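Structure below is coords_13.cif: mmCIF, C-alpha atoms.
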```cif
data_coords
loop_
_atom_site.label_atom_id
_atom_site.label_comp_id
_atom_site.auth_asym_id
_atom_site.auth_seq_id
_atom_site.Cartn_x
_atom_site.Cartn_y
_atom_site.Cartn_z
CA MET G 1 20.24 -27.32 26.82
CA SER G 2 22.89 -29.97 26.33
CA ASN G 3 23.15 -32.98 28.60
CA THR G 4 26.03 -33.06 31.03
CA ARG G 5 28.87 -35.41 30.21
CA VAL G 6 31.08 -37.06 32.79
CA ARG G 7 34.24 -37.00 30.69
CA GLY G 8 35.95 -33.76 29.82
CA ALA G 9 37.35 -30.86 31.75
CA GLU G 10 34.27 -28.69 31.24
CA ALA G 11 31.64 -31.03 32.67
CA TYR G 12 28.89 -28.97 34.27
CA TRP G 13 26.61 -30.19 37.04
CA PRO G 14 23.59 -27.96 37.78
CA PRO G 15 23.74 -26.71 41.39
CA ALA G 16 20.19 -27.92 42.06
CA GLY G 17 21.18 -31.57 41.57
CA LEU G 18 23.06 -33.77 44.02
CA LEU G 19 26.30 -33.75 42.02
CA GLY G 20 26.22 -29.96 41.85
CA ARG G 21 25.82 -29.62 45.61
CA VAL G 22 29.04 -31.38 46.61
CA GLY G 23 32.73 -30.66 46.21
CA GLU G 24 35.01 -32.43 43.74
CA ALA G 25 36.21 -35.08 46.22
CA ASP G 26 32.69 -36.04 47.31
CA ARG G 27 31.58 -35.97 43.69
CA ARG G 28 34.19 -38.61 42.87
CA VAL G 29 32.86 -40.72 45.74
CA LEU G 30 29.31 -40.52 44.37
CA LEU G 31 30.43 -41.32 40.84
CA GLY G 32 32.15 -44.43 42.20
CA LEU G 33 29.01 -45.84 43.81
CA GLY G 34 27.04 -48.69 42.26
CA HIS G 35 27.54 -49.54 38.63
CA GLY G 36 26.95 -47.78 35.33
CA VAL G 37 23.78 -48.37 33.32
CA VAL G 38 22.54 -47.09 29.98
CA TYR G 39 18.82 -46.94 29.23
CA PRO G 40 17.22 -46.42 25.82
CA ALA G 41 14.49 -43.89 25.17
CA GLY G 42 11.09 -44.78 26.63
CA GLN G 43 12.49 -47.21 29.21
CA ILE G 44 10.69 -47.44 32.56
CA THR G 45 13.44 -47.58 35.16
CA ILE G 46 11.32 -47.35 38.32
CA HIS G 47 7.71 -48.49 38.67
CA GLU G 48 5.14 -46.75 40.85
CA ALA G 49 4.19 -48.78 43.97
CA ASP G 50 7.20 -51.06 43.50
CA THR G 51 9.29 -52.01 46.54
CA SER G 52 12.70 -52.03 44.87
CA ASP G 53 15.61 -50.54 46.84
CA PHE G 54 17.88 -48.61 44.48
CA ALA G 55 18.38 -45.07 43.29
CA LEU G 56 19.64 -43.71 39.98
CA LEU G 57 22.25 -40.98 39.80
CA LEU G 58 21.70 -39.37 36.41
CA LEU G 59 24.86 -38.60 34.47
CA GLY G 60 23.37 -37.78 31.08
CA GLY G 61 19.91 -37.49 29.59
CA THR G 62 16.48 -36.70 31.00
CA VAL G 63 13.78 -38.68 32.80
CA LYS G 64 10.18 -37.87 33.67
CA VAL G 65 8.44 -38.85 36.91
CA THR G 66 4.75 -39.72 36.64
CA ALA G 67 2.12 -40.86 39.10
CA HIS G 68 -1.50 -41.92 38.91
CA ALA G 69 -4.22 -39.76 40.45
CA GLN G 70 -7.19 -41.26 42.27
CA ASP G 71 -9.32 -41.00 39.13
CA GLY G 72 -6.76 -43.05 37.21
CA ARG G 73 -5.27 -40.23 35.17
CA GLU G 74 -1.50 -40.10 34.80
CA ALA G 75 0.14 -36.91 36.04
CA LEU G 76 3.61 -35.74 35.13
CA VAL G 77 5.09 -34.91 38.53
CA ALA G 78 8.62 -33.82 37.67
CA VAL G 79 11.41 -33.72 35.12
CA ARG G 80 14.92 -34.70 36.23
CA MET G 81 18.20 -34.24 34.38
CA ALA G 82 21.91 -34.92 34.68
CA GLY G 83 23.24 -34.47 38.19
CA ASP G 84 19.95 -35.43 39.85
CA LEU G 85 19.33 -38.45 42.04
CA VAL G 86 15.98 -40.20 41.51
CA GLY G 87 14.38 -42.95 43.55
CA GLU G 88 16.05 -41.96 46.82
CA LEU G 89 12.85 -41.48 48.83
CA ALA G 90 11.97 -45.17 48.86
CA GLY G 91 15.45 -45.93 50.17
CA ILE G 92 15.11 -43.36 52.92
CA ASP G 93 11.68 -44.31 54.29
CA GLY G 94 11.36 -47.90 53.04
CA GLN G 95 7.94 -47.21 51.50
CA PRO G 96 6.75 -48.25 48.01
CA ARG G 97 7.68 -46.04 45.08
CA SER G 98 5.56 -42.90 44.80
CA GLY G 99 5.99 -42.59 41.03
CA THR G 100 7.19 -44.11 37.78
CA VAL G 101 10.45 -42.95 36.22
CA THR G 102 10.70 -43.13 32.42
CA THR G 103 13.58 -42.07 30.19
CA CYS G 104 13.11 -39.24 27.69
CA GLY G 105 15.79 -40.22 25.24
CA ARG G 106 18.97 -42.16 26.01
CA VAL G 107 20.02 -41.95 29.67
CA LEU G 108 23.34 -42.70 31.36
CA ALA G 109 23.24 -43.30 35.12
CA ARG G 110 24.77 -44.98 38.16
CA TYR G 111 22.59 -47.74 39.63
CA ILE G 112 23.07 -47.48 43.41
CA LEU G 113 21.55 -49.76 46.05
CA SER G 114 19.88 -47.82 48.86
CA SER G 115 22.03 -49.57 51.47
CA GLU G 116 25.21 -48.42 49.69
CA LEU G 117 23.90 -44.86 49.38
CA LEU G 118 22.95 -44.66 53.06
CA GLU G 119 26.31 -46.07 54.13
CA CYS G 120 27.98 -43.46 51.94
CA THR G 121 26.12 -40.65 53.71
CA LYS G 122 27.34 -41.97 57.06
CA GLN G 123 30.96 -42.06 55.96
CA HIS G 124 30.76 -38.73 54.12
CA PRO G 125 28.61 -36.25 56.10
CA ALA G 126 28.83 -33.58 53.40
CA ILE G 127 27.15 -35.97 50.95
CA GLY G 128 24.43 -36.66 53.51
CA LEU G 129 23.79 -32.94 53.93
CA ALA G 130 23.72 -32.44 50.17
CA LEU G 131 21.26 -35.33 49.78
CA ASN G 132 18.98 -33.84 52.44
CA ALA G 133 19.19 -30.44 50.77
CA SER G 134 18.28 -31.88 47.36
CA VAL G 135 15.25 -33.66 48.80
CA VAL G 136 14.12 -30.46 50.54
CA ALA G 137 14.56 -28.54 47.29
CA LYS G 138 12.30 -31.01 45.48
CA LEU G 139 9.63 -30.64 48.16
CA ARG G 140 9.87 -26.84 48.01
CA THR G 141 9.49 -26.96 44.24
CA ALA G 142 6.39 -29.16 44.55
CA THR G 143 4.90 -26.76 47.10
CA GLY G 144 5.78 -23.79 44.92
CA ARG G 145 3.94 -25.32 41.98
CA ILE G 146 0.75 -25.58 44.05
CA VAL G 147 1.05 -21.95 45.17
CA ASP G 148 1.99 -20.62 41.74
CA PHE G 149 -0.90 -22.39 40.04
CA THR G 150 -3.47 -20.70 42.27
CA GLY G 151 -5.27 -18.09 40.18
CA CYS G 152 -2.89 -18.54 37.23
CA ASP G 153 -4.06 -19.47 33.74
CA VAL G 154 -2.50 -22.10 31.47
CA LEU G 155 -0.17 -19.60 29.80
CA GLY G 156 1.13 -18.44 33.17
CA ARG G 157 1.60 -21.97 34.49
CA LEU G 158 3.43 -23.08 31.35
CA ALA G 159 5.69 -20.02 31.37
CA ARG G 160 6.53 -20.53 35.04
CA ILE G 161 7.36 -24.22 34.66
CA LEU G 162 9.48 -23.74 31.54
CA HIS G 163 11.35 -20.88 33.18
CA HIS G 164 11.94 -22.93 36.34
CA LEU G 165 13.32 -25.92 34.41
CA ALA G 166 15.55 -23.74 32.26
CA VAL G 167 16.98 -21.84 35.23
CA THR G 168 17.42 -25.01 37.28
CA TYR G 169 19.28 -27.02 34.65
CA GLY G 170 20.76 -24.38 32.36
CA ARG G 171 24.25 -22.93 32.58
CA PRO G 172 24.48 -19.61 34.43
CA GLY G 173 24.52 -16.52 32.23
CA ARG G 174 22.77 -18.09 29.27
CA LYS G 175 19.47 -16.64 28.10
CA GLU G 176 18.57 -19.63 25.95
CA ALA G 177 17.73 -23.21 26.91
CA GLN G 178 16.37 -26.36 25.30
CA LEU G 179 14.03 -28.76 27.09
CA PRO G 180 13.26 -32.29 25.81
CA LEU G 181 9.51 -32.16 26.41
CA SER G 182 6.69 -33.14 24.09
CA GLN G 183 3.44 -31.18 24.06
CA PRO G 184 1.49 -34.03 25.76
CA GLU G 185 4.14 -34.10 28.51
CA MET G 186 3.87 -30.34 28.95
CA ALA G 187 0.10 -30.72 29.21
CA THR G 188 0.34 -33.25 32.04
CA LEU G 189 3.06 -31.24 33.79
CA VAL G 190 0.98 -28.06 33.66
CA GLY G 191 -2.30 -29.85 34.39
CA ALA G 192 -4.14 -28.70 31.28
CA ALA G 193 -5.72 -30.07 28.15
CA GLU G 194 -3.47 -30.44 25.12
CA SER G 195 -5.62 -27.97 23.21
CA SER G 196 -4.94 -25.36 25.90
CA ILE G 197 -1.20 -26.10 25.73
CA HIS G 198 -1.27 -25.68 21.93
CA LYS G 199 -2.86 -22.26 22.40
CA ALA G 200 -0.37 -21.23 25.10
CA LEU G 201 2.62 -22.40 23.04
CA ARG G 202 1.33 -20.49 20.02
CA ALA G 203 1.18 -17.34 22.17
CA LEU G 204 4.73 -17.95 23.41
CA ARG G 205 5.98 -18.54 19.86
CA ASP G 206 4.22 -15.43 18.53
CA SER G 207 5.81 -13.37 21.31
CA GLY G 208 9.29 -14.59 20.36
CA ALA G 209 9.87 -16.33 23.68
CA VAL G 210 10.18 -19.90 22.35
CA VAL G 211 10.33 -22.10 19.30
CA THR G 212 9.11 -25.68 19.25
CA GLY G 213 10.18 -28.85 17.49
CA TYR G 214 9.65 -32.58 17.75
CA ARG G 215 9.74 -33.50 21.46
CA ARG G 216 11.55 -30.31 22.38
CA ILE G 217 10.99 -26.68 23.19
CA THR G 218 13.73 -24.08 22.83
CA ILE G 219 13.53 -21.01 25.04
CA LEU G 220 14.99 -18.06 23.17
CA ASP G 221 14.81 -15.46 25.92
CA LEU G 222 14.55 -16.42 29.60
CA ASP G 223 14.01 -12.83 30.71
CA HIS G 224 11.09 -12.41 28.32
CA LEU G 225 9.61 -15.73 29.47
CA ALA G 226 9.83 -14.54 33.08
CA ARG G 227 7.99 -11.32 32.16
CA ILE G 228 5.24 -13.36 30.55
CA ALA G 229 4.87 -15.48 33.70
CA VAL G 230 4.63 -12.38 35.89
CA ALA G 231 2.12 -10.71 33.55
CA ALA G 232 -0.04 -13.83 33.50
CA GLU G 233 0.01 -13.99 37.30
CA GLU G 234 -0.98 -10.33 37.59
CA ALA G 235 -3.72 -10.83 34.99
CA GLY G 236 -5.09 -13.74 36.99
CA ALA G 237 -5.10 -11.64 40.15
CA ALA G 238 -6.84 -8.81 38.32
CA VAL G 239 -9.55 -11.11 37.01
CA ALA G 240 -10.02 -12.62 40.46
CA ALA G 241 -10.40 -9.10 41.86
CA GLY G 242 -13.09 -8.30 39.29
CA ALA G 243 -11.04 -6.32 36.76
CA ALA G 244 -12.48 -6.21 33.27
CA ASP G 245 -9.43 -6.80 31.08
CA PRO G 246 -6.50 -9.11 31.92
CA ARG G 247 -3.05 -8.08 30.70
CA ALA G 248 -1.76 -9.35 27.41
CA ILE G 249 1.68 -10.83 26.84
CA PRO G 250 4.23 -8.04 27.27
CA PRO G 251 6.22 -7.11 24.15
CA ASN G 252 9.64 -8.64 23.78
CA SER G 253 12.12 -5.84 24.41
#
```

Just dump the structure as C-alpha cells.
Amino acid sequence: MSNTRVRGAEAYWPPAGLLGRVGEADRRVLLGLGHGVVYPAGQITIHEADTSDFALLLLGGTVKVTAHAQDGREALVAVRMAGDLVGELAGIDGQPRSGTVTTCGRVLARYILSSELLECTKQHPAIGLALNASVVAKLRTATGRIVDFTGCDVLGRLARILHHLAVTYGRPGRKEAQLPLSQPEMATLVGAAESSIHKALRALRDSGAVVTGYRRITILDLDHLARIAVAAEEAGAAVAAGAADPRAIPPNS
C-alpha cells in the first residue's frame, strides 16, 4: 500500500480519513491550515498525558498510537495513515493526551493548532461534520475490536485487524495491500505474545494469504484473508459451544 502524495492529479485519500470525507474545496481549506512538518522514522510527535493543543493532519506516511495500561505495559491502540487527523480529541475536550503518537517511517503532515481547527469547523460546517464523523468512526472501530476479539483466537484477531487496515486504507478494487507493521507492533495491536504472532503469521503465509518482510506485511489476497477471519471466528464459537474440532484455515481458492 503506497502512501498518499499531495502533489499529482491522482492523489488518493482513503474515505475513512478526514481528507477523504470532504469535497475538493473543503480539502483545499484543510490543506491550507497550520504549517507543514516532516518527521523522521521513530519520532514521537505527541506524548501521552501531555497537554499540548495541536493536531496533525497526515499527508504521507504512517503513525502508530500507543498507550500504557494500568500494569505498565504499552498497548498499540491504532495505526493511522495519510488522510487521517491525529491528536484532535485533546483539542475538542481540553483533556490531556490519551496516547503517544510515533512515526513508522518518514511522515509528512500539517501541524494545526486546535484553536485554528475549531475555528475552521465553525466557518466550514461540512468540515465540522466530517471531523465528527471521523471521530465516531474511530470509536466504532475501537468498539468493534472489543466485540470481535471475544471468543476469537490470535489467528482470527490478526486476520481481522490486517483485513480492516487494508480495506480502510487501500484503494478500492485492489486485492493486495502492504502494511508497514513489524511483528512486535502486530503483537501489541492484537494483544498477544510475539511467539503467538509468529505462529499465526506462519499459518497465514502457508495459506498464501500474506508474505512478510522487514517491518512490513504484504496481503496477497484480501478475500482469502477475510475467509480466514470468518473461519477463525466460527472455530472459536464452536470451541466455546463444546465442539471437538475447530475449523482449519480454508484453502485459498

message = When you look at segment 102-118 of chain G with a cut-off of 6 Å (counting all atoms listed in the file), what residues show up, excluding the ones that are within fewer than 3 positions of it in the same chain? I need them as a PyMOL selection string.
response = chain G and resi 34-45+53-64+91+121

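Proximity ranking of G:Glu74, G:Glu119, G:Glu88, G:Asp93 relative to Ser134 of chain G places G:Glu88 first, based on all atoms listed in the file.
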
task = Calculate how many Å separate atom CA of Leu131 of chain G from atom CA of Gly23 of chain G, rounding to one decimal.
result =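 These two atoms are separated by 12.9 Å.
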
Residues near Leu204 of chain G, cut-off 12 Å, only C-alpha atoms, skip fewer than 4 positions along chain, as a PyMOL selection string = chain G and resi 154-156+158-159+162+197-200+208-212+217-222+224-229+232+248-252

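The space separating atom CA of Glu48 of chain G from atom CA of His68 of chain G comes to 8.4 Å.
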
ask   = Out of G:Trp13, G:Gly128, G:Arg28, G:Thr100, which residue has the shortest atom-to-atom distance to Asp84 of chain G when counting only C-alpha atoms?
value =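 Nearest to Asp84 of chain G: G:Trp13.
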
request  = Could you tell me which residues the PyMOL selection byres ((chain G and resi 214) around 10) returns for this structure, as number ranges by chain?
outcome  = G: 180-183, 212-213, 215-217

key: Among the residues G:Leu19, G:Ala67, G:Leu30, G:Leu201, the one that comes closest to Pro184 of chain G [using only C-alpha atoms]   =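 Answer, going by the shortest atom-to-atom distance: G:Leu201.
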
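Between atom CA of Met81 of chain G and atom CA of Leu179 of chain G the interatomic distance comes to 10.0 Å.
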
Hey, what comes out of the PyMOL selection byres ((chain G and resi 165) around 10) on this file? Could you write it as a compact mmCIF listing (two decimals) with C-alpha atoms, in the frame of the given file?
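Saved result, result-v5.txt, follows:
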```
# COMPACT_ATOMS: atom_id res chain seq x y z
CA ALA G 78 8.62 -33.82 37.67
CA VAL G 79 11.41 -33.72 35.12
CA ARG G 80 14.92 -34.70 36.23
CA MET G 81 18.20 -34.24 34.38
CA ARG G 160 6.53 -20.53 35.04
CA ILE G 161 7.36 -24.22 34.66
CA LEU G 162 9.48 -23.74 31.54
CA HIS G 163 11.35 -20.88 33.18
CA HIS G 164 11.94 -22.93 36.34
CA ALA G 166 15.55 -23.74 32.26
CA VAL G 167 16.98 -21.84 35.23
CA THR G 168 17.42 -25.01 37.28
CA TYR G 169 19.28 -27.02 34.65
CA GLY G 170 20.76 -24.38 32.36
CA ALA G 177 17.73 -23.21 26.91
CA GLN G 178 16.37 -26.36 25.30
CA LEU G 179 14.03 -28.76 27.09
```

request  = Have a look at G:Ala126, G:Leu31, G:Gln70, G:Val135 and name the one nearest to Leu89 of chain G; count all atoms listed in the file.
outcome  =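 Of G:Ala126, G:Leu31, G:Gln70, G:Val135, the one nearest Leu89 of chain G, counting all atoms listed in the file, is G:Val135.
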
Residues matched by the PyMOL selection byres ((chain G and resi 95) around 10), written as a ChimeraX atom specification = /G:49-53,89-94,96-98

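Shown here are all protein and nucleic acid residues lying within 7 Å of (10.5, -41.3, 38.5), with all atoms listed in the file considered: Ile46, Lys64, Val65, Thr66, Val86, Gly87, Gly99, Thr100, Val101 and Thr102 of chain G.
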
message = Taking (32.6, -37.0, 50.2) as a centre in this file's frame and 7 Å as the limit, can you find every polymer residue with an atom that close, using all atoms listed in the file, and give them as number ranges by chain?
response = G: 25-27, 29, 124, 126-127

Hey, can you spit out that residue selection with C-alpha atoms as a PDB file, keeping the file's coordinate frame?
```pdb
ATOM      1  CA  ALA G  25      36.210 -35.080  46.220  1.00  0.00           C
ATOM      2  CA  ASP G  26      32.690 -36.040  47.310  1.00  0.00           C
ATOM      3  CA  ARG G  27      31.580 -35.970  43.690  1.00  0.00           C
ATOM      4  CA  VAL G  29      32.860 -40.720  45.740  1.00  0.00           C
ATOM      5  CA  HIS G 124      30.760 -38.730  54.120  1.00  0.00           C
ATOM      6  CA  ALA G 126      28.830 -33.580  53.400  1.00  0.00           C
ATOM      7  CA  ILE G 127      27.150 -35.970  50.950  1.00  0.00           C
TER       8      ILE G 127
END
```

note = Counting only C-alpha atoms, the residue among G:Arg140, G:Arg205, G:Arg171, G:Arg157 that lies closest to Ala11 of chain G is G:Arg171
